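Notes follow once the structure below has been shown.
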Amino acid sequence: MRPDELAAREAVRDTIARYAHAVDHGRFEETAACFAEDGVLDVREMGRHEGREAIMRVFEGAGRKLASASTNAIVRHHVSSIQITVDVTAGRATASSYFFVLTEIGPDHWGSYRDELAREDATGRWLFTERKVNVEGRTAPSRMT
Amino acid sequence: MRPDELAAREAVRDTIARYAHAVDHGRFEETAACFAEDGVLDVREMGRHEGREAIMRVFEGAGRKLASASTNAIVRHHVSSIQITVDVTAGRATASSYFFVLTEIGPDHWGSYRDELAREDATGRWLFTERKVNVEGRTAPSRMT
Amino acid sequence: MRPDELAAREAVRDTIARYAHAVDHGRFEETAACFAEDGVLDVREMGRHEGREAIMRVFEGAGRKLASASTNAIVRHHVSSIQITVDVTAGRATASSYFFVLTEIGPDHWGSYRDELAREDATGRWLFTERKVNVEGRTAPSRMT
């Protein structure tokens with residue numbers, strides 16, 4: 001594995017972790033900035049949202065729903081089993097991973113991410129061109145899904 | 001840490017993630033291919049299985065058990081806390097990690113992996129020469145253990 | 001991302017994983033050695049502890065509490081969503097991550113780590129100068145919190 005592939009893989013991991021912490025702390029502009037300008041957030045049962053503005057609105061809506069369910073809600077996206085493939089020449093990558101969301105009262109929902117990313121040449125960051133979110137299980141009642 | 005050690009550690013992580021996604025999606029040939037030709041899968045209470053053919057049969061058996069318990073079973077191996085040591089010169093590595101298996105109805109079982117890996121020179125991949133699986137807890141009834 | 005930043009990030013991950021396995025296996029001297037000589041362990045509700053000796057005593061106390069609750073206790077710190085920033089020139093890093101603690105009977109407690117680390121020049125290791133542990137949820141009754 002060459003150094004530039006190592007760097008790309010690390011950058012992909014960084015974007016995945018950045019997204020988790022940003023969304024969990026209500027920093028939705030930073031969450032949306034994990035996506036390319038015309039990136040797509042595709043949440044099964046919530047539809048397909050293109051562009052940072054549209055993506056930010058999805059998170060703001062989810063944040064309001066959560067805030068109405070709990071005034072002190074803690075949300076933590078535990079992301080693991082990240083499998084990455086990179087095409088360094090093309091500046092493209094895919095990543096498959098799992099998430100498990102805990103709140104202060106316990107497990108809430110869990111599932112899989114399927115990501116496509118592209119390198120942003122100006123910054124060297126790798127951004128989501130598409131993030132597919134599949135919620136595959138939930139505690140009843142889930143606050144968020 | 002030298003570049004070749006970084007590359008080795010990344011390759012070890014990749015094999016661990018590849019195994020999780022392959023087994024969770026019923027791709028048992030790909031799962032077995034995470035092992036060296038004469039690699040060993042050692043699952044406490046299920047015995048020691050040597051070679052890719054034998055390992056594939058273990059997964060096929062587990063898959064049938066699961067299919068009989070649920071027609072739409074979703075299985076996700078969340079793997080985290082991966083501690084890796086590499087001897088680049090010898091082409092050998094060890095990895096200790098934890099797993100937590102969720103299905104669509106919730107936590108199923110969890111435990112630890114203890115892996116030994118070797119570099120496959122032809123591909124640069126690092127393959128399991130031995131994977132020890134310790135199931136350390138389960139929900140009652142677990143579908144899988 | 002330059003090779004020395006990649007190496008630093010890998011070393012930070014290694015310290016985080018080393019801590020988890022050391023504490024889970026009762027190797028408290030090794031756990032304390034994940035901290036700089038004058039490093040600080042800051043556990044909300046358990047106070048701020050400076051230096052390896054003080055830190056080791058915290059873990060020994062927690063270990064005794066756990067041993068009195070169960071003679072065969074298994075503790076596993078699943079750490080995920082590790083977000084790292086590194087200043088290679090300064091030899092400083094920060095890391096934010098999540099933990100989820102399972103025992104043989106199920107989830108016990110969970111929360112967040114917020115770490116500051118510094119490179120130890122003699123070894124190339126990156127050690128905690130401060131680790132803040134926020135327990136954000138627990139099963140009732142938790143054995144450990």
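Letters A, B, ... mark the chains of the structure tokens in the order given; residue numbers begin at 1 per chain; ligand numbers begin at 1, in order shown.
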
List every residue of range 59-111 of chain B that DSSP, applied to the backbone of this structure, places in strand (DSSP E or B), and write the result as a PyMOL selection string.
-> chain B and resi 76-87+92-103+106-111

Enumerate as a ChimeraX atom specification the residues belonging to chain C that approach chain A to within 12 Å, with only C-alpha atoms taken into account.
-> /C:1-10,13,78-86,95-101,106-114,134-140

For Asp42 in chain B: contacts at 8 Å, only C-alpha atoms, fewer than 2 positions along chain excluded, given as a PyMOL selection string | chain B and resi 40+44+46-49+130-133

Check the DSSP output for the backbone and give back, as a PyMOL selection string, the residues of chain C in helix (DSSP H, G or I).
-> chain C and resi 3-24+28-32+52-69

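If you count only C-alpha atoms and ignore residues fewer than 3 places along the chain from Leu127 in chain B, what sits within 7 Å of it is Thr15, Cys34, Phe35, Ala36, Leu117, Ala118, Arg119 and Glu120 of chain B.
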
Provide the CA of Val23 in chain A to CA of Glu53 in chain A distance in Å, to one decimal place.
->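 Spanning CA of Val23 in chain A to CA of Glu53 in chain A is a straight-line distance of 14.8 Å.
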
Measuring atom to atom with only C-alpha atoms, identify which of C:Asp87, C:Glu116, C:Glu45, C:Glu30 is nearest to Phe59 in chain C.
->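 The shortest atom-to-atom distance to Phe59 in chain C comes from C:Glu30.
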
Could you jot down the CA of Val43 in chain B to CA of Thr145 in chain B separation for me, Å, one decimal place?
->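 CA of Val43 in chain B sits 10.7 Å away from CA of Thr145 in chain B.
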